[in-house]
$ cat work_35.tsv   # TSV, C-alpha atoms and all ligand atoms
chain	number	residue	atom	x	y	z
A	1332	MET	CA	-98.79	-44.40	65.58
A	1333	SER	CA	-98.17	-47.62	67.54
A	1334	LYS	CA	-96.43	-47.80	70.89
A	1335	THR	CA	-92.90	-46.39	71.27
A	1336	TYR	CA	-90.52	-49.11	72.43
A	1337	ARG	CA	-87.42	-48.61	74.55
A	1338	LEU	CA	-84.68	-51.01	73.42
A	1339	GLY	CA	-81.15	-51.49	74.75
A	1340	VAL	CA	-78.06	-51.75	72.53
A	1341	LEU	CA	-75.07	-53.71	73.85
A	1342	ASP	CA	-72.38	-53.80	71.16
A	1343	GLY	CA	-70.19	-56.43	72.84
A	1344	ASP	CA	-66.75	-57.50	71.60
A	1345	GLY	CA	-65.03	-58.70	68.40
A	1346	ILE	CA	-67.35	-58.14	65.42
A	1347	GLY	CA	-70.10	-56.81	67.76
A	1348	PRO	CA	-69.33	-53.09	67.19
A	1349	GLU	CA	-69.65	-53.76	63.43
A	1350	ILE	CA	-72.79	-55.92	63.27
A	1351	VAL	CA	-74.87	-54.42	66.13
A	1352	PRO	CA	-74.91	-50.78	64.90
A	1353	ALA	CA	-75.60	-52.07	61.35
A	1354	SER	CA	-78.61	-54.04	62.66
A	1355	VAL	CA	-79.89	-51.07	64.67
A	1356	GLU	CA	-79.71	-48.85	61.56
A	1357	ILE	CA	-81.72	-51.36	59.53
A	1358	ALA	CA	-84.27	-51.86	62.33
A	1359	THR	CA	-84.68	-48.08	62.65
A	1360	ALA	CA	-85.39	-47.74	58.91
A	1361	ALA	CA	-88.00	-50.55	59.08
A	1362	ALA	CA	-89.65	-49.16	62.22
A	1363	GLU	CA	-89.86	-45.65	60.74
A	1364	ALA	CA	-91.48	-47.09	57.62
A	1365	VAL	CA	-94.40	-48.51	59.62
A	1366	GLY	CA	-94.71	-45.66	62.13
A	1367	VAL	CA	-93.24	-47.54	65.11
A	1368	GLY	CA	-91.19	-45.38	67.48
A	1369	ILE	CA	-88.02	-46.80	69.05
A	1370	ASP	CA	-85.84	-45.15	71.67
A	1371	TRP	CA	-82.45	-46.87	71.57
A	1372	LEU	CA	-80.26	-46.80	74.68
A	1373	THR	CA	-76.61	-47.79	74.29
A	1374	LEU	CA	-75.27	-49.45	77.44
A	1375	PRO	CA	-71.81	-50.65	78.52
A	1376	LEU	CA	-70.98	-54.38	78.24
A	1377	GLY	CA	-67.95	-56.56	77.51
A	1378	SER	CA	-64.27	-55.61	77.41
A	1379	ASP	CA	-65.00	-51.86	77.16
A	1380	ALA	CA	-67.06	-52.15	80.35
A	1381	ILE	CA	-64.15	-53.91	82.09
A	1382	THR	CA	-62.07	-50.80	81.32
A	1383	THR	CA	-64.72	-48.30	82.42
A	1384	HIS	CA	-66.58	-50.19	85.19
A	1385	ASP	CA	-64.19	-53.00	86.15
A	1386	THR	CA	-66.81	-55.60	85.21
A	1387	PRO	CA	-68.12	-56.86	81.83
A	1388	VAL	CA	-71.75	-56.51	82.98
A	1389	PRO	CA	-72.11	-53.36	85.10
A	1390	ASP	CA	-75.00	-53.16	87.59
A	1391	GLU	CA	-76.26	-50.02	85.85
A	1392	THR	CA	-76.59	-52.03	82.61
A	1393	LYS	CA	-78.72	-54.69	84.35
A	1394	LYS	CA	-80.78	-52.03	86.14
A	1395	THR	CA	-81.52	-50.14	82.93
A	1396	LEU	CA	-82.28	-53.30	80.95
A	1397	ALA	CA	-84.91	-54.23	83.56
A	1398	GLU	CA	-86.84	-51.09	82.62
A	1399	LEU	CA	-86.71	-51.68	78.85
A	1400	ASP	CA	-88.91	-53.64	76.45
A	1401	GLY	CA	-85.98	-55.74	75.19
A	1402	TRP	CA	-82.46	-55.37	73.84
A	1403	TYR	CA	-79.83	-56.28	71.24
A	1404	LEU	CA	-76.83	-58.14	72.67
A	1405	GLY	CA	-73.67	-58.30	70.57
A	1406	PRO	CA	-71.27	-61.26	70.95
A	1407	HIS	CA	-68.63	-61.29	73.68
A	1408	ASP	CA	-65.07	-62.53	73.61
A	1409	SER	CA	-64.93	-63.57	77.26
A	1410	VAL	CA	-61.96	-65.92	76.79
A	1411	SER	CA	-59.82	-62.83	76.17
A	1412	TYR	CA	-60.91	-61.07	79.39
A	1413	PRO	CA	-58.38	-60.67	82.21
A	1414	GLU	CA	-58.97	-62.69	85.39
A	1415	PRO	CA	-61.16	-62.85	87.40
A	1416	HIS	CA	-63.62	-62.00	84.58
A	1417	LYS	CA	-62.34	-64.76	82.29
A	1418	SER	CA	-63.27	-67.51	84.78
A	1419	ALA	CA	-66.60	-65.97	85.78
A	1420	LEU	CA	-69.97	-66.56	84.12
A	1421	ASN	CA	-69.79	-64.84	80.70
A	1422	PRO	CA	-71.94	-61.77	79.81
A	1423	SER	CA	-74.66	-63.58	77.87
A	1424	GLY	CA	-74.89	-66.28	80.57
A	1425	THR	CA	-75.10	-63.54	83.20
A	1426	LEU	CA	-77.96	-61.80	81.40
A	1427	ARG	CA	-79.80	-65.04	80.60
A	1428	LYS	CA	-79.56	-66.09	84.24
A	1429	HIS	CA	-80.35	-62.65	85.73
A	1430	PHE	CA	-83.45	-62.12	83.57
A	1431	ARG	CA	-84.46	-65.84	83.58
A	1432	LEU	CA	-84.49	-65.94	79.76
A	1433	PHE	CA	-85.34	-69.63	79.69
A	1434	ALA	CA	-85.99	-70.20	75.98
A	1435	ASN	CA	-83.30	-69.71	73.36
A	1436	ILE	CA	-85.02	-69.84	69.97
A	1437	ARG	CA	-82.63	-70.39	67.07
A	1438	PRO	CA	-83.99	-70.71	63.52
A	1439	ALA	CA	-81.86	-72.05	60.65
A	1440	LYS	CA	-83.20	-71.20	57.20
A	1441	SER	CA	-81.49	-71.28	53.82
A	1442	PHE	CA	-81.64	-68.21	51.57
A	1443	PRO	CA	-82.48	-68.54	47.87
A	1444	GLY	CA	-79.37	-67.45	46.00
A	1445	ALA	CA	-76.88	-68.27	48.77
A	1446	GLU	CA	-74.50	-71.23	48.85
A	1447	ALA	CA	-75.53	-73.87	51.42
A	1448	VAL	CA	-74.99	-77.55	52.28
A	1449	CYS	CA	-78.77	-77.80	52.50
A	1450	ASP	CA	-80.50	-75.20	50.32
A	1451	ASN	CA	-84.04	-75.82	51.59
A	1452	ALA	CA	-83.62	-76.03	55.37
A	1453	ASP	CA	-86.26	-74.26	57.46
A	1454	LEU	CA	-86.08	-75.39	61.07
A	1455	VAL	CA	-86.02	-73.89	64.57
A	1456	ILE	CA	-84.01	-75.15	67.52
A	1457	VAL	CA	-85.57	-74.39	70.91
A	1458	ARG	CA	-82.79	-74.66	73.44
A	1459	GLU	CA	-83.38	-74.77	77.20
A	1460	ASN	CA	-81.31	-71.86	78.46
A	1461	THR	CA	-81.09	-72.01	82.25
A	1462	GLU	CA	-79.67	-75.41	83.28
A	1463	GLY	CA	-78.61	-78.70	81.59
A	1464	PHE	CA	-74.93	-79.39	81.01
A	1465	TYR	CA	-73.94	-75.72	81.14
A	1466	ALA	CA	-72.48	-76.12	84.61
A	1467	ASP	CA	-72.15	-72.36	85.16
A	1468	ARG	CA	-75.95	-71.96	84.97
A	1469	ASN	CA	-76.53	-74.45	87.74
A	1470	THR	CA	-75.31	-72.77	90.89
A	1471	TYR	CA	-76.26	-69.69	92.89
A	1472	ALA	CA	-72.55	-68.99	93.48
A	1473	GLY	CA	-69.54	-70.51	91.74
A	1474	THR	CA	-69.28	-71.91	88.25
A	1475	GLY	CA	-70.60	-75.45	88.73
A	1476	GLU	CA	-67.16	-76.88	87.96
A	1477	PHE	CA	-64.87	-78.29	90.65
A	1478	MET	CA	-61.22	-79.33	90.61
A	1479	PRO	CA	-60.52	-81.50	93.66
A	1480	THR	CA	-57.01	-82.34	92.42
A	1481	PRO	CA	-54.93	-80.78	89.61
A	1482	ASP	CA	-55.74	-83.85	87.51
A	1483	THR	CA	-59.46	-84.24	88.19
A	1484	ALA	CA	-62.24	-81.90	87.10
A	1485	ILE	CA	-65.95	-82.41	87.82
A	1486	MET	CA	-68.97	-80.54	86.48
A	1487	LEU	CA	-72.54	-80.24	87.57
A	1488	GLY	CA	-75.38	-80.98	85.13
A	1489	ILE	CA	-79.00	-80.39	86.08
A	1490	ILE	CA	-82.30	-81.19	84.38
A	1491	THR	CA	-85.54	-80.28	86.15
A	1492	ARG	CA	-89.16	-81.05	85.33
A	1493	GLU	CA	-90.12	-77.37	85.69
A	1494	ALA	CA	-87.51	-75.95	83.28
A	1495	THR	CA	-88.05	-78.77	80.78
A	1496	GLU	CA	-91.81	-78.38	80.79
A	1497	ARG	CA	-91.77	-74.61	80.24
A	1498	VAL	CA	-89.33	-74.83	77.32
A	1499	ALA	CA	-91.23	-77.80	75.85
A	1500	ARG	CA	-94.42	-75.70	75.83
A	1501	VAL	CA	-92.64	-72.90	73.93
A	1502	ALA	CA	-91.41	-75.49	71.40
A	1503	PHE	CA	-94.81	-77.16	70.97
A	1504	ASP	CA	-96.58	-73.79	70.57
A	1505	LEU	CA	-94.06	-72.89	67.89
A	1506	ALA	CA	-94.48	-76.26	66.13
A	1507	ARG	CA	-98.25	-75.78	66.18
A	1508	ALA	CA	-97.82	-72.42	64.39
A	1509	ARG	CA	-95.43	-73.97	61.82
A	1510	ARG	CA	-95.40	-77.43	60.14
A	1511	LYS	CA	-96.57	-79.27	63.28
A	1512	LYS	CA	-93.51	-81.50	63.68
A	1513	LEU	CA	-91.36	-81.62	66.80
A	1514	THR	CA	-88.16	-83.55	67.45
A	1515	ILE	CA	-86.85	-84.12	71.00
A	1516	VAL	CA	-83.05	-84.44	71.18
A	1517	HIS	CA	-81.45	-86.18	74.17
A	1518	LYS	CA	-78.95	-88.90	75.09
A	1519	ALA	CA	-81.25	-91.06	77.16
A	1520	ASN	CA	-79.41	-94.28	76.30
A	1521	VAL	CA	-76.42	-93.12	78.38
A	1522	LEU	CA	-77.53	-90.14	80.49
A	1523	LYS	CA	-80.62	-92.03	81.52
A	1524	LEU	CA	-81.71	-90.01	84.53
A	1525	THR	CA	-80.99	-86.47	83.30
A	1526	THR	CA	-81.71	-86.49	79.57
A	1527	GLY	CA	-84.16	-89.36	80.18
A	1528	LEU	CA	-86.16	-86.95	82.36
A	1529	PHE	CA	-85.89	-84.29	79.63
A	1530	ARG	CA	-87.30	-86.71	77.05
A	1531	SER	CA	-90.11	-88.03	79.23
A	1532	VAL	CA	-91.28	-84.54	80.33
A	1533	CYS	CA	-91.35	-83.43	76.65
A	1534	GLN	CA	-93.36	-86.55	75.81
A	1535	GLU	CA	-95.83	-85.77	78.62
A	1536	VAL	CA	-96.26	-82.21	77.27
A	1537	ALA	CA	-96.86	-83.75	73.82
A	1538	GLU	CA	-100.13	-85.21	75.12
A	1539	ASP	CA	-101.53	-81.64	75.18
A	1540	TYR	CA	-100.59	-81.19	71.50
A	1541	PRO	CA	-102.14	-84.17	69.67
A	1542	ASP	CA	-101.97	-82.23	66.37
A	1543	VAL	CA	-98.13	-82.13	66.53
A	1544	THR	CA	-96.16	-85.17	65.27
A	1545	VAL	CA	-93.32	-86.03	67.67
A	1546	ASP	CA	-90.14	-88.05	67.24
A	1547	ASP	CA	-86.86	-88.13	69.16
A	1548	PHE	CA	-83.17	-88.80	68.50
A	1549	HIS	CA	-79.96	-89.15	70.45
A	1550	ILE	CA	-77.78	-86.05	70.05
A	1551	ASP	CA	-75.04	-87.93	68.16
A	1552	ALA	CA	-77.48	-89.48	65.68
A	1553	MET	CA	-79.15	-86.09	65.29
A	1554	THR	CA	-75.96	-84.52	63.90
A	1555	VAL	CA	-76.00	-87.16	61.14
A	1556	HIS	CA	-79.69	-86.60	60.36
A	1557	LEU	CA	-79.16	-82.83	60.20
A	1558	VAL	CA	-76.27	-83.10	57.75
A	1559	ARG	CA	-78.15	-85.62	55.60
A	1560	ARG	CA	-81.67	-84.20	55.65
A	1561	ALA	CA	-81.99	-80.88	57.49
A	1562	GLN	CA	-85.00	-80.03	55.32
A	1563	ASP	CA	-87.08	-82.75	57.05
A	1564	PHE	CA	-86.96	-81.05	60.47
A	1565	ASP	CA	-89.35	-78.39	61.75
A	1566	VAL	CA	-88.94	-77.65	65.50
A	1567	ILE	CA	-86.23	-79.30	67.61
A	1568	VAL	CA	-86.27	-79.06	71.42
A	1569	THR	CA	-83.21	-79.91	73.47
A	1570	GLU	CA	-81.16	-79.14	76.57
A	1571	ASN	CA	-78.72	-76.26	76.83
A	1572	MET	CA	-75.40	-77.63	75.57
A	1573	PHE	CA	-76.83	-79.97	72.93
A	1574	GLY	CA	-78.81	-76.98	71.63
A	1575	ASP	CA	-75.72	-74.78	71.48
A	1576	ILE	CA	-73.77	-77.30	69.43
A	1577	LEU	CA	-76.67	-78.35	67.22
A	1578	SER	CA	-77.63	-74.76	66.38
A	1579	ASP	CA	-74.11	-73.91	65.12
A	1580	LEU	CA	-74.30	-77.00	62.92
A	1581	ALA	CA	-77.81	-76.15	61.68
A	1582	GLY	CA	-76.77	-72.54	60.96
A	1583	GLU	CA	-73.75	-73.59	58.95
A	1584	ILE	CA	-75.65	-76.27	57.02
A	1585	SER	CA	-78.28	-73.76	55.96
A	1586	GLY	CA	-75.74	-71.23	54.67
A	1587	SER	CA	-73.40	-69.80	57.25
A	1588	LEU	CA	-73.20	-69.44	60.98
A	1589	GLY	CA	-73.21	-65.73	60.11
A	1590	THR	CA	-76.88	-65.98	59.11
A	1591	ALA	CA	-78.16	-67.81	62.23
A	1592	PRO	CA	-80.28	-65.52	64.44
A	1593	SER	CA	-81.77	-66.09	67.88
A	1594	ILE	CA	-83.71	-64.59	70.73
A	1595	ASN	CA	-83.57	-65.46	74.40
A	1596	ALA	CA	-86.97	-64.99	75.97
A	1597	SER	CA	-88.92	-65.17	79.21
A	1598	ALA	CA	-92.62	-64.34	79.45
A	1599	ASP	CA	-91.73	-60.68	80.14
A	1600	THR	CA	-88.67	-59.71	78.13
A	1601	ALA	CA	-86.45	-60.79	75.26
A	1602	MET	CA	-82.88	-60.36	74.11
A	1603	ALA	CA	-81.87	-60.48	70.44
A	1604	GLN	CA	-78.52	-62.26	70.06
A	1605	ALA	CA	-76.84	-63.80	67.01
A	1606	SER	CA	-76.13	-67.54	67.44
A	1607	HIS	CA	-72.47	-67.04	66.60
A	1608	GLY	CA	-69.66	-65.75	68.78
A	1609	SER	CA	-67.47	-62.65	68.52
A	1610	ALA	CA	-65.38	-64.05	65.61
A	1611	PRO	CA	-62.12	-62.38	66.76
A	1612	ASP	CA	-60.35	-63.83	63.69
A	1613	ILE	CA	-62.25	-61.43	61.40
A	1614	ALA	CA	-63.02	-58.53	63.80
A	1615	GLY	CA	-62.34	-54.96	62.66
A	1616	GLN	CA	-62.02	-55.91	58.96
A	1617	ASP	CA	-65.52	-54.94	57.78
A	1618	ILE	CA	-66.09	-58.47	56.44
A	1619	ALA	CA	-68.38	-60.02	59.08
A	1620	ASN	CA	-71.84	-61.10	58.02
A	1621	PRO	CA	-74.39	-58.98	59.93
A	1622	VAL	CA	-77.38	-61.13	58.86
A	1623	ALA	CA	-77.65	-63.16	62.08
A	1624	MET	CA	-77.78	-60.00	64.19
A	1625	ILE	CA	-80.15	-58.22	61.78
A	1626	LEU	CA	-82.57	-61.17	61.81
A	1627	SER	CA	-82.27	-61.55	65.60
A	1628	GLY	CA	-83.62	-57.99	65.73
A	1629	ALA	CA	-86.52	-59.02	63.47
A	1630	MET	CA	-87.24	-61.92	65.87
A	1631	LEU	CA	-87.27	-59.46	68.78
A	1632	PHE	CA	-89.76	-57.28	66.85
A	1633	GLU	CA	-91.99	-60.33	66.31
A	1634	TRP	CA	-91.78	-61.22	69.99
A	1635	LEU	CA	-92.71	-57.59	70.91
A	1636	SER	CA	-95.64	-57.80	68.51
A	1637	SER	CA	-97.07	-60.85	70.34
A	1638	ARG	CA	-96.26	-59.47	73.77
A	1639	HIS	CA	-97.93	-56.09	73.11
A	1640	ASP	CA	-100.48	-57.21	70.55
A	1641	ASP	CA	-99.00	-54.73	68.08
A	1642	PRO	CA	-99.26	-55.71	64.38
A	1643	ALA	CA	-97.22	-52.67	63.27
A	1644	ILE	CA	-93.95	-53.92	64.76
A	1645	ALA	CA	-94.58	-57.36	63.20
A	1646	ARG	CA	-94.78	-55.57	59.83
A	1647	ALA	CA	-91.41	-53.96	60.56
A	1648	ALA	CA	-90.00	-57.47	61.25
A	1649	LYS	CA	-91.30	-58.73	57.90
A	1650	ILE	CA	-89.78	-55.70	56.11
A	1651	ILE	CA	-86.38	-56.46	57.68
A	1652	GLU	CA	-86.58	-60.15	56.70
A	1653	ALA	CA	-87.64	-59.28	53.14
A	1654	GLY	CA	-84.86	-56.66	52.89
A	1655	VAL	CA	-82.22	-59.26	53.78
A	1656	ALA	CA	-83.66	-61.93	51.46
A	1657	THR	CA	-83.97	-59.51	48.52
A	1658	THR	CA	-80.41	-58.27	48.97
A	1659	ILE	CA	-78.99	-61.81	48.98
A	1660	GLU	CA	-81.16	-62.80	46.01
A	1661	ARG	CA	-79.73	-59.81	44.11
A	1662	GLY	CA	-76.31	-61.42	44.56
A	1663	ILE	CA	-75.08	-59.10	47.32
A	1664	SER	CA	-73.62	-61.03	50.25
A	1665	THR	CA	-70.55	-61.22	52.47
A	1666	ARG	CA	-67.77	-63.67	51.71
A	1667	ASP	CA	-68.91	-66.42	54.12
A	1668	LEU	CA	-71.94	-66.79	51.80
A	1669	GLY	CA	-69.77	-66.81	48.68
A	1670	GLY	CA	-70.13	-63.07	47.96
A	1671	SER	CA	-67.69	-60.17	48.11
A	1672	ALA	CA	-69.64	-57.38	49.87
A	1673	SER	CA	-68.19	-55.80	52.99
A	1674	THR	CA	-70.30	-55.53	56.16
A	1675	SER	CA	-71.00	-51.87	55.43
A	1676	GLU	CA	-71.81	-52.43	51.72
A	1677	PHE	CA	-74.20	-55.22	52.62
A	1678	THR	CA	-75.81	-53.06	55.32
A	1679	ARG	CA	-76.33	-50.15	52.91
A	1680	ALA	CA	-77.92	-52.53	50.38
A	1681	VAL	CA	-80.32	-53.90	53.01
A	1682	ILE	CA	-81.30	-50.38	54.13
A	1683	GLN	CA	-82.08	-49.54	50.50
A	1684	ALA	CA	-84.11	-52.77	50.12
A	1685	VAL	CA	-85.97	-52.01	53.37
A	1686	ARG	CA	-86.86	-48.50	52.10
A	1687	ASP	CA	-87.91	-49.86	48.67
A	1688	GLY	CA	-89.92	-52.70	50.28
A	1689	ALA	CA	-91.56	-50.36	52.75
A	1690	GLY	CA	-92.53	-48.05	49.85
A	1691	GLN	CA	-94.42	-50.94	48.21
A	1692	ASN	CA	-96.09	-51.93	51.49
B	1	LIG	P1	-68.74	-68.69	71.00
B	1	LIG	O1	-68.26	-69.85	71.81
B	1	LIG	O2	-68.62	-67.36	71.67
B	1	LIG	O3	-70.10	-68.93	70.37
B	1	LIG	P2	-67.14	-69.73	68.88
B	1	LIG	O4	-65.84	-70.16	69.44
B	1	LIG	O5	-68.23	-70.73	68.64
B	1	LIG	O6	-67.73	-68.54	69.77
B	1	LIG	P3	-67.39	-67.92	66.64
B	1	LIG	O7	-66.93	-66.62	67.16
B	1	LIG	O8	-68.86	-68.11	66.50
B	1	LIG	O9	-66.75	-69.07	67.52
B	1	LIG	O10	-66.70	-68.19	65.26
B	1	LIG	C1	-66.65	-69.46	64.63
B	1	LIG	C2	-66.23	-69.28	63.19
B	1	LIG	O11	-67.32	-68.71	62.46
B	1	LIG	C3	-65.06	-68.31	63.01
B	1	LIG	O12	-64.22	-68.77	61.95
B	1	LIG	C4	-65.71	-67.02	62.63
B	1	LIG	O13	-64.90	-66.17	61.83
B	1	LIG	C5	-66.96	-67.47	61.87
B	1	LIG	N1	-68.05	-66.51	62.06
B	1	LIG	C6	-68.77	-66.36	63.20
B	1	LIG	N2	-69.66	-65.37	63.05
B	1	LIG	C7	-69.50	-64.88	61.79
B	1	LIG	C8	-70.11	-63.83	61.04
B	1	LIG	N3	-71.11	-63.08	61.55
B	1	LIG	N4	-69.69	-63.61	59.78
B	1	LIG	C9	-68.72	-64.36	59.24
B	1	LIG	N5	-68.09	-65.36	59.89
B	1	LIG	C10	-68.47	-65.62	61.16

$ encode --input "work_35.tsv" --output "structure tokens" --more "lines below"
Ligand code: ATP
Amino acid sequence: MSKTYRLGVLDGDGIGPEIVPASVEIATAAAEAVGVGIDWLTLPLGSDAITTHDTPVPDETKKTLAELDGWYLGPHDSVSYPEPHKSALNPSGTLRKHFRLFANIRPAKSFPGAEAVCDNADLVIVRENTEGFYADRNTYAGTGEFMPTPDTAIMLGIITREATERVARVAFDLARARRKKLTIVHKANVLKLTTGLFRSVCQEVAEDYPDVTVDDFHIDAMTVHLVRRAQDFDVIVTENMFGDILSDLAGEISGSLGTAPSINASADTAMAQASHGSAPDIAGQDIANPVAMILSGAMLFEWLSSRHDDPAIARAAKIIEAGVATTIERGISTRDLGGSASTSEFTRAVIQAVRDGAGQN
């Protein structure tokens, strides 16, 4: 029996209460199959927490998360929150900032058997998560945006050597373990000091990784390259906002935003979080694609495996990934991927595939 992990479950808003429990069920089946114990702790977050605790991220949630090995975060619909919560830093920003989760790792991979603009994409975006042009990450107090007159708004963007270097090292380590190609994305022709610093620090880090081939593109040109030839990219490193936009694009190109997973990690803890938002337009209809959240959980398992040197939980991650791929290959998928399965039908099919796959393991 390997270690027993303690993991938090934060359902969030919109489609969160549909896709997070589905992902937890699948993860539990995979963990049981390889003898990994998981204690799941459900904690308040989001609009329900505003009702019960008068804040979307209660202190008790943060305090409990600090004692856990990691957690699943569902999406939040913070634009629908009442003031003052609507104008404050949103729940995922709050948790990323509080736990210093500096690297947001967002893979985009096409599935055989699923419709996609690019059917052979296999890339990972490593997004700096603590500063950049996300103004609300850049201040101790306040949101980093100012409105000196009703007709003028100013925001604060920050790039530092320290934050760029630590995220660049995560990206280069990842590239080294993959196809050994890394692309730096910036806008150094216009934002010369800020994104220029980002590019030059990444290039300095590259000197420690002579086995990794490096190129770089401006963010606007990069959108064109991704649409035209996503399959050519391996690891992409970029600042916070560019990474947010680019990863939605990469997820959609490789199938659907509903399949794009991510983790947010520091050296000590990690948070599984789908790349997409709370999709309020389809919430409560049992039609959301749970794949991004399911695979974010598999990424968390892989991260826990490296952190605790535990091969068993890495096997559980592989079983989850194979269960999703097999289900889609069998022609079962939600409608965003061209299928007709509901969230719960798809989830049941993946649980069956996980049990079958684990039996053959
Ligand atoms: P945020 O800013 O919180 O990331 P957003 O404004 O980018 O949110 P999303 O909530 O990600 O928007 O939704 C964008 C579109 O993608 C919507 O049409 C939504 O229905 C669709 N979408 C997002 N996630 C899924 C999913 N898991 N399954 C199916 N469709 C999804």

$ closest_residue --input "work_35.tsv" --among "A:Thr1386, A:Ser1664, A:Thr1526, A:Thr1373" --to "ligand LIG 1 (chain B)" --atoms "only C-alpha atoms and all ligand atoms"
A:Ser1664

$ closest_residue --input "work_35.tsv" --among "A:Lys1428, A:Arg1666, A:Lys1523, A:His1607" --to "Asp1408 (chain A)" --atoms "only C-alpha atoms"
A:His1607

$ closest_residue --input "work_35.tsv" --among "A:Arg1510, A:Arg1497, A:His1556, A:His1517" --to "Glu1570 (chain A)" --atoms "only C-alpha atoms"
A:His1517

$ residues_around --input "work_35.tsv" --residues "region 1353-1363 of chain A" --least-positions-apart "4" --cutoff "6 Å" --atoms "only C-alpha atoms" --output "ChimeraX atom specification"
/A:1367,1625,1647,1682

$ residues_near_ligand --input "work_35.tsv" --ligand "ligand LIG 1 (chain B)" --cutoff "10 Å" --atoms "all atoms listed in the file" --output "NGL selection string"
:A and (1345-1347 or 1349-1350 or 1406-1410 or 1421 or 1423 or 1575-1576 or 1579 or 1583 or 1587-1592 or 1605-1614 or 1617-1624 or 1665-1668 or 1674)

$ write_last_selection --input "work_35.tsv" --atoms "C-alpha atoms" --output "short mmCIF file (atom, residue, chain, number, x, y, z; two decimals), in the coordinates of the input"
data_model
loop_
_atom_site.label_atom_id
_atom_site.label_comp_id
_atom_site.auth_asym_id
_atom_site.auth_seq_id
_atom_site.Cartn_x
_atom_site.Cartn_y
_atom_site.Cartn_z
CA GLY A 1345 -65.03 -58.70 68.40
CA ILE A 1346 -67.35 -58.14 65.42
CA GLY A 1347 -70.10 -56.81 67.76
CA GLU A 1349 -69.65 -53.76 63.43
CA ILE A 1350 -72.79 -55.92 63.27
CA PRO A 1406 -71.27 -61.26 70.95
CA HIS A 1407 -68.63 -61.29 73.68
CA ASP A 1408 -65.07 -62.53 73.61
CA SER A 1409 -64.93 -63.57 77.26
CA VAL A 1410 -61.96 -65.92 76.79
CA ASN A 1421 -69.79 -64.84 80.70
CA SER A 1423 -74.66 -63.58 77.87
CA ASP A 1575 -75.72 -74.78 71.48
CA ILE A 1576 -73.77 -77.30 69.43
CA ASP A 1579 -74.11 -73.91 65.12
CA GLU A 1583 -73.75 -73.59 58.95
CA SER A 1587 -73.40 -69.80 57.25
CA LEU A 1588 -73.20 -69.44 60.98
CA GLY A 1589 -73.21 -65.73 60.11
CA THR A 1590 -76.88 -65.98 59.11
CA ALA A 1591 -78.16 -67.81 62.23
CA PRO A 1592 -80.28 -65.52 64.44
CA ALA A 1605 -76.84 -63.80 67.01
CA SER A 1606 -76.13 -67.54 67.44
CA HIS A 1607 -72.47 -67.04 66.60
CA GLY A 1608 -69.66 -65.75 68.78
CA SER A 1609 -67.47 -62.65 68.52
CA ALA A 1610 -65.38 -64.05 65.61
CA PRO A 1611 -62.12 -62.38 66.76
CA ASP A 1612 -60.35 -63.83 63.69
CA ILE A 1613 -62.25 -61.43 61.40
CA ALA A 1614 -63.02 -58.53 63.80
CA ASP A 1617 -65.52 -54.94 57.78
CA ILE A 1618 -66.09 -58.47 56.44
CA ALA A 1619 -68.38 -60.02 59.08
CA ASN A 1620 -71.84 -61.10 58.02
CA PRO A 1621 -74.39 -58.98 59.93
CA VAL A 1622 -77.38 -61.13 58.86
CA ALA A 1623 -77.65 -63.16 62.08
CA MET A 1624 -77.78 -60.00 64.19
CA THR A 1665 -70.55 -61.22 52.47
CA ARG A 1666 -67.77 -63.67 51.71
CA ASP A 1667 -68.91 -66.42 54.12
CA LEU A 1668 -71.94 -66.79 51.80
CA THR A 1674 -70.30 -55.53 56.16
#

$ build_atoms --input "work_35.tsv" --residues "region 1344-1352 of chain A" --atoms "N, CA and C atoms" --output "PDB file, keeping the file's coordinate frame"
ATOM      1  N   ASP A1344     -68.168 -57.457  71.995  1.00  0.00           N
ATOM      2  CA  ASP A1344     -66.750 -57.500  71.600  1.00  0.00           C
ATOM      3  C   ASP A1344     -66.605 -58.016  70.152  1.00  0.00           C
ATOM      4  N   GLY A1345     -65.343 -58.105  69.714  1.00  0.00           N
ATOM      5  CA  GLY A1345     -65.030 -58.700  68.400  1.00  0.00           C
ATOM      6  C   GLY A1345     -65.786 -57.982  67.287  1.00  0.00           C
ATOM      7  N   ILE A1346     -66.592 -58.746  66.527  1.00  0.00           N
ATOM      8  CA  ILE A1346     -67.350 -58.140  65.420  1.00  0.00           C
ATOM      9  C   ILE A1346     -68.601 -57.411  65.901  1.00  0.00           C
ATOM     10  N   GLY A1347     -68.884 -57.455  67.220  1.00  0.00           N
ATOM     11  CA  GLY A1347     -70.100 -56.810  67.760  1.00  0.00           C
ATOM     12  C   GLY A1347     -70.242 -55.352  67.361  1.00  0.00           C
ATOM     13  N   PRO A1348     -69.190 -54.509  67.547  1.00  0.00           N
ATOM     14  CA  PRO A1348     -69.330 -53.090  67.190  1.00  0.00           C
ATOM     15  C   PRO A1348     -69.520 -52.855  65.689  1.00  0.00           C
ATOM     16  N   GLU A1349     -69.346 -53.909  64.864  1.00  0.00           N
ATOM     17  CA  GLU A1349     -69.650 -53.760  63.430  1.00  0.00           C
ATOM     18  C   GLU A1349     -71.091 -54.203  63.143  1.00  0.00           C
ATOM     19  N   ILE A1350     -71.480 -55.360  63.666  1.00  0.00           N
ATOM     20  CA  ILE A1350     -72.790 -55.920  63.270  1.00  0.00           C
ATOM     21  C   ILE A1350     -73.961 -55.350  64.076  1.00  0.00           C
ATOM     22  N   VAL A1351     -73.729 -54.921  65.331  1.00  0.00           N
ATOM     23  CA  VAL A1351     -74.870 -54.420  66.130  1.00  0.00           C
ATOM     24  C   VAL A1351     -75.336 -53.052  65.608  1.00  0.00           C
ATOM     25  N   PRO A1352     -74.430 -52.056  65.437  1.00  0.00           N
ATOM     26  CA  PRO A1352     -74.910 -50.780  64.900  1.00  0.00           C
ATOM     27  C   PRO A1352     -75.553 -50.935  63.510  1.00  0.00           C
TER      28      PRO A1352
END
